[in-house]
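Asker: Coordinates in coords-v2.tsv, TSV, C-alpha atoms, are listed below.
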chain	number	residue	atom	x	y	z
A	1	MET	CA	106.60	147.75	60.21
A	2	GLY	CA	108.67	145.78	57.74
A	3	GLN	CA	112.16	146.07	59.19
A	4	ILE	CA	113.96	144.48	62.12
A	5	ILE	CA	114.29	147.00	64.96
A	6	LEU	CA	117.70	147.01	66.63
A	7	CYS	CA	118.27	148.85	69.89
A	8	GLU	CA	120.52	151.80	69.14
A	9	THR	CA	120.55	153.37	72.58
A	10	LYS	CA	121.33	152.06	76.02
A	11	GLU	CA	118.55	150.96	78.33
A	12	ALA	CA	117.70	153.55	80.96
A	13	GLU	CA	118.58	152.87	84.57
A	14	ASN	CA	115.54	154.89	85.64
A	15	ILE	CA	112.23	154.34	83.88
A	16	TYR	CA	110.08	157.15	82.48
A	17	ARG	CA	106.37	157.02	83.23
A	18	PHE	CA	103.72	158.51	80.95
A	19	HIS	CA	100.91	159.48	83.29
A	20	SER	CA	98.46	160.21	80.44
A	21	PHE	CA	98.29	156.57	79.39
A	22	HIS	CA	99.99	154.78	82.32
A	23	GLN	CA	102.97	153.26	80.56
A	24	ASP	CA	106.59	152.90	81.67
A	25	ILE	CA	109.49	152.97	79.23
A	26	SER	CA	113.22	152.34	79.51
A	27	THR	CA	114.37	152.42	75.86
A	28	TYR	CA	114.13	154.70	72.83
A	29	GLU	CA	112.33	151.94	70.93
A	30	GLU	CA	109.60	151.79	73.58
A	31	LEU	CA	109.29	155.57	73.42
A	32	CYS	CA	108.69	155.50	69.66
A	33	TYR	CA	106.26	152.60	69.97
A	34	TYR	CA	104.08	154.48	72.44
A	35	ILE	CA	104.26	157.75	70.50
A	36	ARG	CA	102.75	155.90	67.56
A	37	LYS	CA	100.18	154.06	69.69
A	38	TYR	CA	99.04	157.09	71.72
A	39	PHE	CA	99.73	159.75	69.13
A	40	ILE	CA	96.77	161.96	70.00
A	41	PHE	CA	98.06	162.47	73.55
A	42	PHE	CA	101.25	164.02	72.16
A	43	VAL	CA	99.28	166.22	69.76
A	44	GLU	CA	96.70	167.41	72.27
A	45	GLU	CA	98.55	167.40	75.59
A	46	GLY	CA	101.98	168.15	74.17
A	47	ILE	CA	105.39	166.69	74.97
A	48	PRO	CA	105.94	166.30	78.73
A	49	ASP	CA	108.40	168.87	80.07
A	50	ASN	CA	110.77	166.35	81.61
A	51	LEU	CA	110.79	163.86	78.73
A	52	VAL	CA	113.63	165.52	76.80
A	53	ALA	CA	115.82	165.68	79.91
A	54	TRP	CA	115.16	161.97	80.50
A	55	ILE	CA	116.04	161.11	76.89
A	56	SER	CA	119.30	163.01	77.27
A	57	ALA	CA	120.31	161.75	80.70
A	58	GLU	CA	119.04	158.17	80.55
A	59	LEU	CA	119.34	157.25	76.88
A	60	GLY	CA	122.42	159.29	76.16
A	61	ILE	CA	120.89	161.27	73.27
A	62	ARG	CA	122.52	164.57	74.19
A	63	ASP	CA	122.04	166.46	70.92
A	64	LEU	CA	118.23	166.56	71.31
A	65	GLU	CA	118.31	168.57	74.53
A	66	GLN	CA	120.98	170.92	73.18
A	67	GLU	CA	118.88	172.00	70.20
A	68	TRP	CA	115.43	171.68	71.79
A	69	ASP	CA	114.78	175.37	72.46
A	70	ARG	CA	115.62	176.25	68.87
A	71	ILE	CA	112.95	173.97	67.40
A	72	PRO	CA	110.04	176.34	66.62
A	73	THR	CA	106.85	174.23	66.77
A	74	GLN	CA	105.39	171.29	68.70
A	75	LYS	CA	105.05	169.37	65.45
A	76	GLU	CA	108.74	169.81	64.61
A	77	LYS	CA	109.71	168.89	68.16
A	78	LEU	CA	107.75	165.67	67.99
A	79	LYS	CA	109.26	164.91	64.59
A	80	ARG	CA	112.74	165.52	66.01
A	81	ILE	CA	112.13	163.02	68.83
A	82	ILE	CA	111.01	160.23	66.51
A	83	THR	CA	113.91	160.81	64.11
A	84	CYS	CA	116.71	160.82	66.71
A	85	ARG	CA	117.51	157.26	65.73
A	86	ASN	CA	116.40	154.82	63.03
A	87	TYR	CA	113.25	153.35	64.59
A	88	PHE	CA	110.88	154.71	61.93
A	89	LEU	CA	111.35	154.51	58.19
A	90	PRO	CA	111.14	157.90	56.39
A	91	GLN	CA	107.72	157.02	54.95
A	92	GLU	CA	106.47	156.13	58.43
A	93	VAL	CA	107.60	159.51	59.74
A	94	SER	CA	105.75	161.13	56.83
A	95	VAL	CA	102.57	159.24	57.69
A	96	LEU	CA	102.74	160.34	61.33
A	97	MET	CA	103.31	163.97	60.37
A	98	LYS	CA	100.31	163.86	58.04
A	99	LYS	CA	98.32	162.38	60.91
A	100	TYR	CA	99.47	165.31	63.05
A	101	ASP	CA	98.21	167.73	60.39
A	102	ARG	CA	94.82	165.99	60.29
A	103	TYR	CA	94.45	166.36	64.05
A	104	ASP	CA	95.59	169.98	63.80
A	105	LYS	CA	92.86	170.75	61.26
A	106	MET	CA	90.09	169.24	63.39
A	107	THR	CA	87.74	171.56	65.20
A	108	GLU	CA	88.57	172.08	68.86
A	109	VAL	CA	85.45	170.21	69.94
A	110	ASP	CA	86.32	167.18	67.79
A	111	ARG	CA	89.84	167.08	69.19
A	112	LYS	CA	88.64	167.22	72.78
A	113	ASN	CA	86.04	164.53	72.12
A	114	GLN	CA	88.63	162.28	70.50
A	115	LEU	CA	91.07	162.70	73.38
A	116	ALA	CA	88.27	161.97	75.84
A	117	ASP	CA	87.42	158.85	73.84
A	118	GLU	CA	90.98	157.61	74.33
A	119	TYR	CA	90.71	158.07	78.09
A	120	LEU	CA	87.35	156.30	78.04
A	121	LYS	CA	88.94	153.29	76.34
A	122	GLN	CA	91.40	153.13	79.24
A	123	HIS	CA	88.52	153.20	81.76
A	124	ARG	CA	89.88	156.49	83.14
A	125	TYR	CA	86.46	158.02	83.54
A	126	GLU	CA	87.28	161.17	85.48
A	127	ARG	CA	89.98	162.15	83.00
A	128	ALA	CA	87.64	161.41	80.09
A	129	LEU	CA	84.95	163.54	81.73
A	130	HIS	CA	87.39	166.44	82.00
A	131	TYR	CA	87.68	166.63	78.20
A	132	TYR	CA	84.05	165.72	77.48
A	133	ARG	CA	82.98	168.64	79.68
A	134	ILE	CA	85.19	171.01	77.69
A	135	ALA	CA	83.71	169.69	74.44
A	136	TYR	CA	80.19	169.88	75.89
A	137	GLN	CA	80.62	173.57	76.70
A	138	MET	CA	81.60	174.24	73.09
A	139	GLU	CA	78.99	172.06	71.41
A	140	LYS	CA	76.31	169.77	72.79
A	141	ASN	CA	75.90	166.71	70.62
A	142	GLU	CA	74.52	163.19	70.92
A	143	LYS	CA	77.85	161.38	71.22
A	144	CYS	CA	79.39	163.71	73.80
A	145	CYS	CA	76.30	163.57	76.04
A	146	TYR	CA	76.10	159.79	75.67
A	147	ASN	CA	79.76	159.25	76.56
A	148	MET	CA	79.51	161.60	79.53
A	149	ALA	CA	76.59	159.51	80.76
A	150	VAL	CA	78.67	156.32	80.34
A	151	CYS	CA	81.48	157.84	82.40
A	152	TYR	CA	79.12	158.92	85.17
A	153	ALA	CA	77.44	155.50	85.19
A	154	HIS	CA	80.78	153.75	85.70
A	155	GLN	CA	81.46	156.10	88.61
A	156	TRP	CA	78.08	155.14	90.09
A	157	ASP	CA	76.82	158.70	89.69
A	158	PHE	CA	73.46	157.61	88.31
A	159	GLU	CA	71.81	161.01	88.71
A	160	HIS	CA	74.19	162.65	86.23
A	161	ALA	CA	74.24	159.54	84.04
A	162	ALA	CA	70.45	159.71	83.67
A	163	LYS	CA	70.60	163.45	82.93
A	164	TYR	CA	73.06	163.07	80.05
A	165	PHE	CA	71.51	159.90	78.62
A	166	TYR	CA	68.21	161.75	78.40
A	167	GLU	CA	69.88	164.81	76.89
A	168	SER	CA	71.53	162.58	74.28
A	169	TYR	CA	68.14	161.03	73.53
A	170	GLU	CA	66.52	164.46	73.13
A	171	ILE	CA	69.15	165.38	70.54
A	172	SER	CA	69.04	162.11	68.58
A	173	GLY	CA	65.67	160.50	69.27
A	174	ARG	CA	67.37	157.07	69.23
A	175	LYS	CA	65.48	154.38	71.10
A	176	ARG	CA	68.75	152.68	72.04
A	177	ILE	CA	69.72	155.74	74.07
A	178	LEU	CA	66.26	155.96	75.61
A	179	ASN	CA	66.69	152.36	76.77
A	180	ALA	CA	70.03	153.31	78.33
A	181	TYR	CA	68.21	156.09	80.20
A	182	TYR	CA	65.59	153.60	81.40
A	183	SER	CA	68.36	151.24	82.52
A	184	ILE	CA	69.93	153.91	84.71
A	185	LEU	CA	66.53	154.61	86.26
A	186	MET	CA	66.22	150.87	86.97
A	187	LEU	CA	69.59	150.93	88.74
A	188	GLN	CA	68.18	153.74	90.88
A	189	GLY	CA	65.13	151.63	91.74
A	190	GLU	CA	62.70	153.65	89.61
A	191	PHE	CA	60.89	150.53	88.38
A	192	ALA	CA	57.38	151.98	88.38
A	193	SER	CA	58.49	155.14	86.57
A	194	VAL	CA	60.16	153.11	83.82
A	195	LYS	CA	57.06	150.95	83.38
A	196	ILE	CA	54.90	154.04	82.92
A	197	MET	CA	57.31	155.85	80.58
A	198	ALA	CA	58.08	152.80	78.44
A	199	GLY	CA	54.39	151.94	77.95
A	200	ASP	CA	53.90	149.29	75.27
A	201	ASP	CA	57.67	148.98	74.86
A	202	TYR	CA	58.12	147.86	78.47
A	203	PRO	CA	58.13	144.03	77.90
A	204	ALA	CA	60.76	144.33	75.17
A	205	PHE	CA	62.82	146.69	77.30
A	206	ILE	CA	62.75	144.31	80.28
A	207	ARG	CA	64.13	141.49	78.14
A	208	ARG	CA	66.99	143.74	77.03
A	209	TRP	CA	67.46	145.07	80.56
A	210	ASN	CA	68.10	141.63	82.02
A	211	GLY	CA	70.89	140.99	79.50
A	212	TRP	CA	72.27	144.52	79.93
A	213	LYS	CA	72.35	144.18	83.73
A	214	GLN	CA	74.39	140.98	83.51
A	215	GLU	CA	76.85	142.68	81.15
A	216	TRP	CA	77.05	145.71	83.47
A	217	GLU	CA	77.82	143.53	86.48
A	218	LYS	CA	80.45	141.62	84.50
A	219	ARG	CA	82.20	144.84	83.45
A	220	GLN	CA	82.17	146.14	87.00
A	221	ARG	CA	83.86	142.94	88.20
A	222	GLU	CA	86.46	143.16	85.41
A	223	GLU	CA	87.22	146.80	86.15
A	224	GLY	CA	87.58	145.92	89.82
A	225	MET	CA	90.13	143.29	88.86
A	226	ILE	CA	92.02	145.79	86.68
A	227	GLN	CA	92.16	148.29	89.52
A	228	ASN	CA	93.33	145.61	91.96
A	229	ASN	CA	96.06	144.52	89.55
A	230	GLN	CA	97.22	148.12	89.14
A	231	GLN	CA	97.39	148.50	92.91
A	232	LYS	CA	99.38	145.26	93.19
A	233	LYS	CA	101.77	146.48	90.50
A	234	LYS	CA	102.29	149.78	92.34
A	235	ARG	CA	103.00	147.93	95.59
A	236	LEU	CA	105.51	145.68	93.80
A	237	GLU	CA	107.29	148.66	92.26
A	238	GLN	CA	107.45	150.36	95.65
A	239	TRP	CA	108.88	147.19	97.19
A	240	LYS	CA	111.57	147.07	94.47
A	241	ARG	CA	112.52	150.69	95.14
A	242	ASP	CA	112.69	150.10	98.90
A	243	TYR	CA	114.71	146.93	98.37
A	244	ARG	CA	117.24	148.73	96.16
A	245	LYS	CA	117.68	151.39	98.83
A	246	GLU	CA	118.36	148.72	101.44
A	247	VAL	CA	120.89	146.99	99.19
A	248	GLU	CA	122.67	150.24	98.42
Could you express the structure from this file as structure tokens?

Answerer:
Amino acid sequence: MGQIILCETKEAENIYRFHSFHQDISTYEELCYYIRKYFIFFVEEGIPDNLVAWISAELGIRDLEQEWDRIPTQKEKLKRIITCRNYFLPQEVSVLMKKYDRYDKMTEVDRKNQLADEYLKQHRYERALHYYRIAYQMEKNEKCCYNMAVCYAHQWDFEHAAKYFYESYEISGRKRILNAYYSILMLQGEFASVKIMAGDDYPAFIRRWNGWKQEWEKRQREEGMIQNNQQKKKRLEQWKRDYRKEVE
């Protein structure tokens, strides 16, 4: 963005939390920033029911709520939100609306896969699986099966992870995916089975497996730290709320 952004609305006394991507906002500028950043959530999951009421009550943008029911489509409603004030330039609004149209023209399976991908990036595996399963029922493909396996693996459900890694391999024939399947079997203690199935490729696989295992353990530690930090943040926010009640 090439312009200086000035706050045109008051800061909210009560934050608004987007549960889809775990972000809190207290200003109109933050709202627009996250609409741009997590655009697909607003296209696929829609505009949260209580968001407009929060914008009206907390940010003082009363006209939006008054005309909301008369706005005919989700696309026009989203456009109305991002044009309430001067955060976006007209050409930026045009770009976002064209992006909306591109999403709208995608097949249903592609849209569900893309939304699931966004949840996967956030390490929200159960939510990602929800949309991958929908996509899987519509069309089984290599990427969907592979990503479902990744989600199950991170939830320590190795039985399902192995199932979908192998299904992805059957569709694609890629050795990289076959090695991922072998790796899950190794995590289950199926060492002899992997040695037999891998055959002449076993020595090369073992070299890759040792590096992959270290990376896996590192990611598990990092995700544990992320979860701990989120829990600490929740406890801190609860303490602040309790403290305010005591002060009042």

Asker: May I have the protein, DNA and RNA residues with any atom at most 10 Å from the point (96.7, 164.5, 67.6), counting only C-alpha atoms, written as a ChimeraX atom specification?

Answerer: /A:38-46,75,96-97,99-106,111-112,114-115

Asker: Restricted to C-alpha atoms, what would the selected residues look like written as a compact mmCIF listing (two decimals), in the frame of the given file?

Answerer:
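This went into result-v6.txt:
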# COMPACT_ATOMS: atom_id res chain seq x y z
CA TYR A 38 99.04 157.09 71.72
CA PHE A 39 99.73 159.75 69.13
CA ILE A 40 96.77 161.96 70.00
CA PHE A 41 98.06 162.47 73.55
CA PHE A 42 101.25 164.02 72.16
CA VAL A 43 99.28 166.22 69.76
CA GLU A 44 96.70 167.41 72.27
CA GLU A 45 98.55 167.40 75.59
CA GLY A 46 101.98 168.15 74.17
CA LYS A 75 105.05 169.37 65.45
CA LEU A 96 102.74 160.34 61.33
CA MET A 97 103.31 163.97 60.37
CA LYS A 99 98.32 162.38 60.91
CA TYR A 100 99.47 165.31 63.05
CA ASP A 101 98.21 167.73 60.39
CA ARG A 102 94.82 165.99 60.29
CA TYR A 103 94.45 166.36 64.05
CA ASP A 104 95.59 169.98 63.80
CA LYS A 105 92.86 170.75 61.26
CA MET A 106 90.09 169.24 63.39
CA ARG A 111 89.84 167.08 69.19
CA LYS A 112 88.64 167.22 72.78
CA GLN A 114 88.63 162.28 70.50
CA LEU A 115 91.07 162.70 73.38

Asker: So the first atom is CA of Ile206 in chain A and the second is CA of Ala192 in chain A; what is the distance between them in Å, to one decimal place?

Answerer: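 If I compute the distance from CA of Ile206 in chain A to CA of Ala192 in chain A, I get 12.4 Å.
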
Asker: Could you tell me how far CA of Glu223 in chain A sits from CA of Lys121 in chain A, in Å to one decimal place?

Answerer: 11.9 Å

Asker: Take the point (71.9, 146.1, 86.6) in the file's coordinates, draw a sphere of radius 10 Å around it, and report as a PDB file with C-alpha atoms, in the coordinates of the input every protein, DNA or RNA residue with an atom inside or on it, counting all atoms listed in the file.

Answerer:
ATOM      1  CA  SER A 183      68.360 151.240  82.520  1.00  0.00           C
ATOM      2  CA  ILE A 184      69.930 153.910  84.710  1.00  0.00           C
ATOM      3  CA  MET A 186      66.220 150.870  86.970  1.00  0.00           C
ATOM      4  CA  LEU A 187      69.590 150.930  88.740  1.00  0.00           C
ATOM      5  CA  GLN A 188      68.180 153.740  90.880  1.00  0.00           C
ATOM      6  CA  TRP A 209      67.460 145.070  80.560  1.00  0.00           C
ATOM      7  CA  ASN A 210      68.100 141.630  82.020  1.00  0.00           C
ATOM      8  CA  GLY A 211      70.890 140.990  79.500  1.00  0.00           C
ATOM      9  CA  TRP A 212      72.270 144.520  79.930  1.00  0.00           C
ATOM     10  CA  LYS A 213      72.350 144.180  83.730  1.00  0.00           C
ATOM     11  CA  GLN A 214      74.390 140.980  83.510  1.00  0.00           C
ATOM     12  CA  GLU A 215      76.850 142.680  81.150  1.00  0.00           C
ATOM     13  CA  TRP A 216      77.050 145.710  83.470  1.00  0.00           C
ATOM     14  CA  GLU A 217      77.820 143.530  86.480  1.00  0.00           C
ATOM     15  CA  LYS A 218      80.450 141.620  84.500  1.00  0.00           C
TER      16      LYS A 218
END

Asker: Between CA of Ile196 in chain A and CA of Arg219 in chain A, measure the distance and give it in Å to one decimal.

Answerer: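 These atoms are spaced 28.8 Å apart.
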
Asker: Within 12 Å of Phe165 in chain A, counting only C-alpha atoms, which residues qualify if same-chain residues fewer than 6 places away don't, as a ChimeraX atom specification?

Answerer: /A:141-153,158-159,171-185

Asker: Which residue out of A:Glu126, A:Glu29, A:Glu58, A:Glu118 has the minimum interatomic distance to Ile81 in chain A when only C-alpha atoms are used?

Answerer: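 Residue with the minimum atom-to-atom distance to Ile81 in chain A: A:Glu29.
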